[in-house]
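> PDB, C-alpha atoms, saved as model17.pdb, coming up:
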ATOM      1  CA  MET X   1       6.478   1.891  10.352
ATOM      2  CA  SER X   2       3.507   2.845  12.428
ATOM      3  CA  LEU X   3       0.487   4.977  11.828
ATOM      4  CA  PRO X   4       1.581   7.814  14.163
ATOM      5  CA  HIS X   5       4.810   8.188  12.172
ATOM      6  CA  ALA X   6       2.903   8.199   8.894
ATOM      7  CA  ILE X   7       0.592  10.929  10.242
ATOM      8  CA  LEU X   8       3.475  13.018  11.583
ATOM      9  CA  THR X   9       5.195  12.737   8.192
ATOM     10  CA  ALA X  10       2.057  13.834   6.346
ATOM     11  CA  LEU X  11       1.435  16.747   8.725
ATOM     12  CA  LEU X  12       5.026  17.950   8.434
ATOM     13  CA  GLU X  13       4.598  17.958   4.674
ATOM     14  CA  LYS X  14       1.396  20.002   5.036
ATOM     15  CA  PRO X  15      -0.852  20.842   8.017
ATOM     16  CA  SER X  16      -4.169  19.113   7.373
ATOM     17  CA  SER X  17      -7.518  18.165   8.818
ATOM     18  CA  GLY X  18      -8.396  14.537   9.516
ATOM     19  CA  LEU X  19     -10.459  14.404   6.321
ATOM     20  CA  GLU X  20      -7.606  15.853   4.261
ATOM     21  CA  LEU X  21      -5.227  13.304   5.820
ATOM     22  CA  THR X  22      -7.584  10.487   4.859
ATOM     23  CA  ARG X  23      -7.644  11.737   1.266
ATOM     24  CA  ARG X  24      -3.860  12.094   1.207
ATOM     25  CA  PHE X  25      -3.471   8.551   2.545
ATOM     26  CA  ASP X  26      -5.691   7.332  -0.298
ATOM     27  CA  ARG X  27      -3.480   9.107  -2.860
ATOM     28  CA  SER X  28       0.049   8.571  -1.559
ATOM     29  CA  ILE X  29       1.057   7.195   1.845
ATOM     30  CA  GLY X  30      -1.731   4.622   1.654
ATOM     31  CA  TYR X  31       0.099   2.820  -1.151
ATOM     32  CA  PHE X  32       2.549   1.496   1.426
ATOM     33  CA  TRP X  33       0.835   2.181   4.785
ATOM     34  CA  SER X  34      -2.944   2.113   4.769
ATOM     35  CA  ALA X  35      -5.296   3.381   7.465
ATOM     36  CA  THR X  36      -9.024   3.850   7.809
ATOM     37  CA  HIS X  37     -10.701   7.176   8.499
ATOM     38  CA  GLN X  38     -11.437   6.051  12.088
ATOM     39  CA  GLN X  39      -7.828   4.949  12.703
ATOM     40  CA  ILE X  40      -6.511   8.322  11.522
ATOM     41  CA  TYR X  41      -8.896  10.286  13.775
ATOM     42  CA  ARG X  42      -8.139   8.054  16.770
ATOM     43  CA  GLU X  43      -4.386   8.519  16.212
ATOM     44  CA  LEU X  44      -4.770  12.298  15.818
ATOM     45  CA  GLY X  45      -6.360  12.374  19.284
ATOM     46  CA  LYS X  46      -3.509  10.337  20.786
ATOM     47  CA  LEU X  47      -0.848  12.508  19.129
ATOM     48  CA  GLU X  48      -2.584  15.651  20.383
ATOM     49  CA  GLN X  49      -2.786  14.251  23.940
ATOM     50  CA  ALA X  50       0.924  13.334  23.755
ATOM     51  CA  GLY X  51       1.778  16.942  22.852
ATOM     52  CA  GLN X  52       3.169  16.013  19.439
ATOM     53  CA  ILE X  53       0.553  17.862  17.356
ATOM     54  CA  ARG X  54      -1.980  20.605  17.943
ATOM     55  CA  ALA X  55      -5.084  21.882  16.267
ATOM     56  CA  LEU X  56      -4.496  25.192  14.546
ATOM     57  CA  THR X  57      -6.643  28.145  15.537
ATOM     58  CA  PRO X  58      -8.972  28.848  12.613
ATOM     59  CA  VAL X  59      -8.593  32.248  10.957
ATOM     60  CA  GLN X  60     -12.355  32.630  10.981
ATOM     61  CA  PRO X  61     -14.284  30.727  13.616
ATOM     62  CA  ALA X  62     -17.038  28.835  11.905
ATOM     63  CA  ARG X  63     -19.468  26.255  13.127
ATOM     64  CA  GLY X  64     -18.654  22.796  11.777
ATOM     65  CA  ARG X  65     -15.227  23.884  10.533
ATOM     66  CA  LYS X  66     -12.694  21.051  10.266
ATOM     67  CA  LYS X  67      -9.822  21.089  12.749
ATOM     68  CA  GLU X  68      -6.498  21.434  10.996
ATOM     69  CA  TYR X  69      -3.435  19.994  12.741
ATOM     70  CA  GLU X  70       0.253  20.874  12.753
ATOM     71  CA  VAL X  71       3.257  19.077  14.226
ATOM     72  CA  LEU X  72       4.856  20.456  17.392
ATOM     73  CA  PRO X  73       8.601  20.199  18.195
ATOM     74  CA  ALA X  74       7.986  17.063  20.300
ATOM     75  CA  GLY X  75       6.351  15.404  17.286
ATOM     76  CA  ARG X  76       9.249  16.337  15.017
ATOM     77  CA  GLU X  77      11.690  14.925  17.599
ATOM     78  CA  ALA X  78       9.712  11.683  17.871
ATOM     79  CA  LEU X  79       9.656  11.308  14.090
ATOM     80  CA  SER X  80      13.388  12.077  13.778
ATOM     81  CA  ALA X  81      14.196   9.495  16.464
ATOM     82  CA  TRP X  82      12.063   6.913  14.660
ATOM     83  CA  VAL X  83      13.755   7.657  11.302
ATOM     84  CA  ALA X  84      17.194   7.130  12.898
ATOM     85  CA  ARG X  85      16.189   3.879  14.634
ATOM     86  CA  ARG X  86      17.470   0.520  13.364
ATOM     87  CA  GLU X  87      14.834  -1.921  12.211
ATOM     88  CA  ASP X  88      15.189  -5.317  10.563
ATOM     89  CA  PRO X  89      13.253  -6.127   7.379
ATOM     90  CA  LYS X  90       9.824  -7.622   7.948
ATOM     91  CA  GLN X  91       8.962 -11.084   6.665
ATOM     92  CA  VAL X  92       6.613 -11.232   3.721
ATOM     93  CA  ARG X  93       3.149 -12.294   4.879
ATOM     94  CA  ASP X  94       1.063 -12.777   1.770
ATOM     95  CA  PRO X  95      -1.968 -15.091   1.943
ATOM     96  CA  LEU X  96      -1.478 -16.046  -1.722
ATOM     97  CA  LEU X  97       1.898 -17.626  -0.920
ATOM     98  CA  LEU X  98       0.373 -19.613   1.931
ATOM     99  CA  ARG X  99      -2.557 -20.697  -0.297
ATOM    100  CA  MET X 100      -0.085 -21.951  -2.897
ATOM    101  CA  ARG X 101       1.724 -23.959  -0.225
ATOM    102  CA  ALA X 102      -1.629 -25.398   0.886
ATOM    103  CA  ALA X 103      -2.511 -26.181  -2.740
ATOM    104  CA  ALA X 104       0.584 -28.388  -2.893
ATOM    105  CA  VAL X 105      -1.075 -30.531  -0.213
ATOM    106  CA  VAL X 106      -4.780 -30.426  -1.112
ATOM    107  CA  GLY X 107      -4.678 -29.657  -4.828
ATOM    108  CA  ALA X 108      -5.009 -26.451  -6.752
ATOM    109  CA  PRO X 109      -8.379 -26.238  -8.505
ATOM    110  CA  GLY X 110      -8.996 -22.641  -9.527
ATOM    111  CA  LEU X 111      -5.553 -21.487  -8.411
ATOM    112  CA  ASP X 112      -4.563 -20.447 -11.933
ATOM    113  CA  GLY X 113      -7.583 -18.122 -12.074
ATOM    114  CA  GLU X 114      -6.573 -16.509  -8.787
ATOM    115  CA  LEU X 115      -2.975 -16.109  -9.988
ATOM    116  CA  ARG X 116      -4.233 -14.442 -13.180
ATOM    117  CA  ARG X 117      -6.427 -12.110 -11.120
ATOM    118  CA  HIS X 118      -3.451 -11.131  -8.946
ATOM    119  CA  LEU X 119      -1.329 -10.619 -12.055
ATOM    120  CA  ALA X 120      -3.943  -8.217 -13.468
ATOM    121  CA  LEU X 121      -4.100  -6.331 -10.140
ATOM    122  CA  HIS X 122      -0.316  -5.932 -10.026
ATOM    123  CA  ARG X 123      -0.234  -4.771 -13.651
ATOM    124  CA  ARG X 124      -2.882  -2.150 -12.845
ATOM    125  CA  GLN X 125      -0.954  -0.980  -9.787
ATOM    126  CA  LEU X 126       2.257  -0.742 -11.816
ATOM    127  CA  ALA X 127       0.494   1.359 -14.448
ATOM    128  CA  GLU X 128      -0.783   3.681 -11.703
ATOM    129  CA  TYR X 129       2.698   4.041 -10.175
ATOM    130  CA  LEU X 130       4.227   4.767 -13.587
ATOM    131  CA  GLU X 131       1.578   7.424 -14.187
ATOM    132  CA  ILE X 132       2.404   9.022 -10.820
ATOM    133  CA  GLU X 133       6.110   8.913 -11.671
ATOM    134  CA  THR X 134       5.550  10.661 -14.998
ATOM    135  CA  ARG X 135       3.301  13.297 -13.416
ATOM    136  CA  ASP X 136       5.177  13.985 -10.171
ATOM    137  CA  PHE X 137       8.832  13.370 -11.059
ATOM    138  CA  PRO X 138       9.650  14.933 -14.413
ATOM    139  CA  PRO X 139      13.316  15.138 -15.464
ATOM    140  CA  GLY X 140      15.154  17.826 -13.517
ATOM    141  CA  ARG X 141      13.018  17.554 -10.383
ATOM    142  CA  ASP X 142      15.766  16.418  -8.064
ATOM    143  CA  ALA X 143      15.675  18.341  -4.799
ATOM    144  CA  PRO X 144      16.762  16.037  -1.927
ATOM    145  CA  GLU X 145      13.203  15.605  -0.617
ATOM    146  CA  ASP X 146      11.955  14.862  -4.158
ATOM    147  CA  ARG X 147      14.674  12.236  -4.637
ATOM    148  CA  LEU X 148      13.640  10.509  -1.411
ATOM    149  CA  ARG X 149       9.949  10.532  -2.373
ATOM    150  CA  HIS X 150      10.867   9.249  -5.827
ATOM    151  CA  LEU X 151      12.907   6.424  -4.266
ATOM    152  CA  VAL X 152       9.837   5.349  -2.273
ATOM    153  CA  LEU X 153       7.802   5.314  -5.487
ATOM    154  CA  ARG X 154      10.579   3.417  -7.311
ATOM    155  CA  GLY X 155      10.424   0.833  -4.509
ATOM    156  CA  GLY X 156       6.721   0.366  -5.256
ATOM    157  CA  ILE X 157       7.427   0.115  -8.999
ATOM    158  CA  ASP X 158      10.162  -2.465  -8.401
ATOM    159  CA  LEU X 159       7.877  -4.508  -6.116
ATOM    160  CA  GLU X 160       5.113  -4.530  -8.727
ATOM    161  CA  ASN X 161       7.631  -5.627 -11.378
ATOM    162  CA  PHE X 162       8.777  -8.400  -9.031
ATOM    163  CA  TRP X 163       5.203  -9.656  -8.493
ATOM    164  CA  ILE X 164       4.402  -9.476 -12.213
ATOM    165  CA  GLY X 165       7.508 -11.512 -13.060
ATOM    166  CA  TRP X 166       6.927 -14.000 -10.248
ATOM    167  CA  LEU X 167       3.235 -14.516 -11.069
ATOM    168  CA  THR X 168       4.033 -14.927 -14.763
ATOM    169  CA  ARG X 169       6.580 -17.657 -13.889
ATOM    170  CA  ALA X 170       4.169 -19.257 -11.413
ATOM    171  CA  LEU X 171       1.462 -19.482 -14.082
ATOM    172  CA  ALA X 172       3.941 -21.000 -16.559
ATOM    173  CA  ASP X 173       5.183 -23.525 -13.965
ATOM    174  CA  LEU X 174       1.798 -24.400 -12.475
ATOM    175  CA  PRO X 175       1.119 -28.094 -13.064
ATOM    176  CA  ALA X 176      -1.699 -28.827 -15.479
ATOM    177  CA  PRO X 177      -4.838 -29.833 -13.599
ATOM    178  CA  ALA X 178      -5.408 -33.583 -13.375
ATOM    179  CA  PRO X 179      -8.236 -34.815 -15.579
ATOM    180  CA  ASP X 180     -11.577 -35.084 -13.830
ATOM    181  CA  PRO X 181     -12.301 -38.835 -13.414
ATOM    182  CA  ALA X 182     -16.042 -38.231 -13.913
ATOM    183  CA  GLN X 183     -15.426 -36.695 -17.344
ATOM    184  CA  THR X 184     -13.044 -39.525 -18.334
ATOM    185  CA  VAL X 185     -15.662 -42.177 -17.461
ATOM    186  CA  SER X 186     -18.348 -40.175 -19.280
ATOM    187  CA  ARG X 187     -16.230 -40.053 -22.484
ATOM    188  CA  GLU X 188     -15.534 -43.782 -22.316
ATOM    189  CA  VAL X 189     -19.265 -44.543 -21.967
ATOM    190  CA  ARG X 190     -20.058 -42.355 -24.992
ATOM    191  CA  GLY X 191     -17.421 -44.067 -27.099
ATOM    192  CA  GLY X 192     -14.618 -41.538 -26.622
ATOM    193  CA  ARG X 193     -16.626 -38.546 -27.836
ATOM    194  CA  PRO X 194     -16.325 -35.435 -25.667
TER     195      PRO X 194
END
Written as C-alpha cells, how would this file's structure read?

Amino acid sequence: MSLPHAILTALLEKPSSGLELTRRFDRSIGYFWSATHQQIYRELGKLEQAGQIRALTPVQPARGRKKEYEVLPAGREALSAWVARREDPKQVRDPLLLRMRAAAVVGAPGLDGELRRHLALHRRQLAEYLEIETRDFPPGRDAPEDRLRHLVLRGGIDLENFWIGWLTRALADLPAPAPDPAQTVSREVRGGRP
C-alpha cells in the first residue's frame, strides 16, 4: 500500500481538508499505514497536480479557510486499478526480532524487560482495537463496506493476539541470565552471604 492510495481511500469515504485527513489517519488508517502531517500535505499536492483530486470551492470564501479535497474520476480509477493489482505479502521487518537474533550472539542483558514492554504495548493496542470493534461494529451492522472495514480491524486484532502469544512464549522460553561473575566472587569473599 502507498500513501496516495490511503489518501484516495480516505477522501472517497469523506471529502476532507489536510488537517482532517491527519486526524483521521491518527484514528483509523494510521493503525496500519501511518503518515506525518507533512507527508499528507505533500501527497495532496502531488495528487492534485496529477488530476486525481481537486480542492472544493468553499461555500463561503473566508480568509484562512482550510482547503477541502475530493477525489476526481481519475483518482477513483487509479485506486480501483491498485485494488485489483496482485501483490505478494511483505516480509516482516521488526527490529525486535533482529535484536533477539543479535542477543543470541552477544548475550541478552535487559532483553526480558524489553519483551515485557512490547507485551504491554501489544496488550494496550489490542484493548484499543476491541473498544473500536465494540463501538463501531455492533451486531447487525453488516453492509458490505462495513464488513470489509471490520475485516481490516479483525486483522489488527488477530495480529495483536499473535504478538501477545508470541511474546508470552518468548518470555517463558528466554534463558535465565547467567550469574554475574563479580557478584559470585563477592559472595564467596563474604562467606556465601548475599
> Residue by residue, what does the PyMOL selection byres ((chain X and resi 17-30) around 6) grab here? Present the result as a list in words.
Ser16, Tyr31, Phe32, Trp33, Ser34, His37, Lys67, Glu68 and Tyr69 of chain X
> If you keep C-alpha atoms, can you produce a file of those selected residues as a PDB file, keeping the file's coordinate frame?

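Written output follows (result36.pdb):
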ATOM      1  CA  SER X  16      -4.169  19.113   7.373  1.00  0.00           C
ATOM      2  CA  TYR X  31       0.099   2.820  -1.151  1.00  0.00           C
ATOM      3  CA  PHE X  32       2.549   1.496   1.426  1.00  0.00           C
ATOM      4  CA  TRP X  33       0.835   2.181   4.785  1.00  0.00           C
ATOM      5  CA  SER X  34      -2.944   2.113   4.769  1.00  0.00           C
ATOM      6  CA  HIS X  37     -10.701   7.176   8.499  1.00  0.00           C
ATOM      7  CA  LYS X  67      -9.822  21.089  12.749  1.00  0.00           C
ATOM      8  CA  GLU X  68      -6.498  21.434  10.996  1.00  0.00           C
ATOM      9  CA  TYR X  69      -3.435  19.994  12.741  1.00  0.00           C
TER      10      TYR X  69
END
> Report, in Å to a single decimal, how far apart CA of Ile157 in chain X and CA of Thr134 in chain X are.
12.3 Å
> Can you tell me, as a PyMOL selection string, what residues are no more than 12 Å from Arg149 in chain X when counting all atoms listed in the file, ignoring any on the same chain fewer than 5 positions away?
chain X and resi 9+13+28-29+132-133+136-137+141-144+154-156
> Taking the file as shown, what set of residues would the PyMOL selection byres ((chain X and resi 42-47) around 9) give back, as a ChimeraX atom specification?
/X:3-4,7-8,18,37-41,48-54,69,75
> With distances taken over only C-alpha atoms, which residue among X:Ala10, X:Leu153, X:Leu72, X:Ala172 lies nearest Asp112 in chain X?
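Smallest separation from Asp112 in chain X among the options: X:Ala172.
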> Could you state the separation of CA of Gly110 in chain X and CA of Thr168 in chain X in Å, given to one decimal place?
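Taking CA of Gly110 in chain X and CA of Thr168 in chain X, their separation equals 16.0 Å.
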> What does the structure give for the distance between CA of Leu11 in chain X and CA of Val71 in chain X, in Å to one decimal?
6.2 Å
> Return as a list in words the set of residues that the PyMOL selection byres ((chain X and resi 163) around 12) yields on the displayed structure.
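This file gives the following for the PyMOL selection byres ((chain X and resi 163) around 12): Asp94, Leu96, Leu97, Leu115, Arg116, His118, Leu119, Ala120, Leu121, His122, Arg123, Arg124, Gln125, Leu126, Gly156, Ile157, Asp158, Leu159, Glu160, Asn161, Phe162, Ile164, Gly165, Trp166, Leu167, Thr168, Arg169, Ala170 and Leu171 of chain X.
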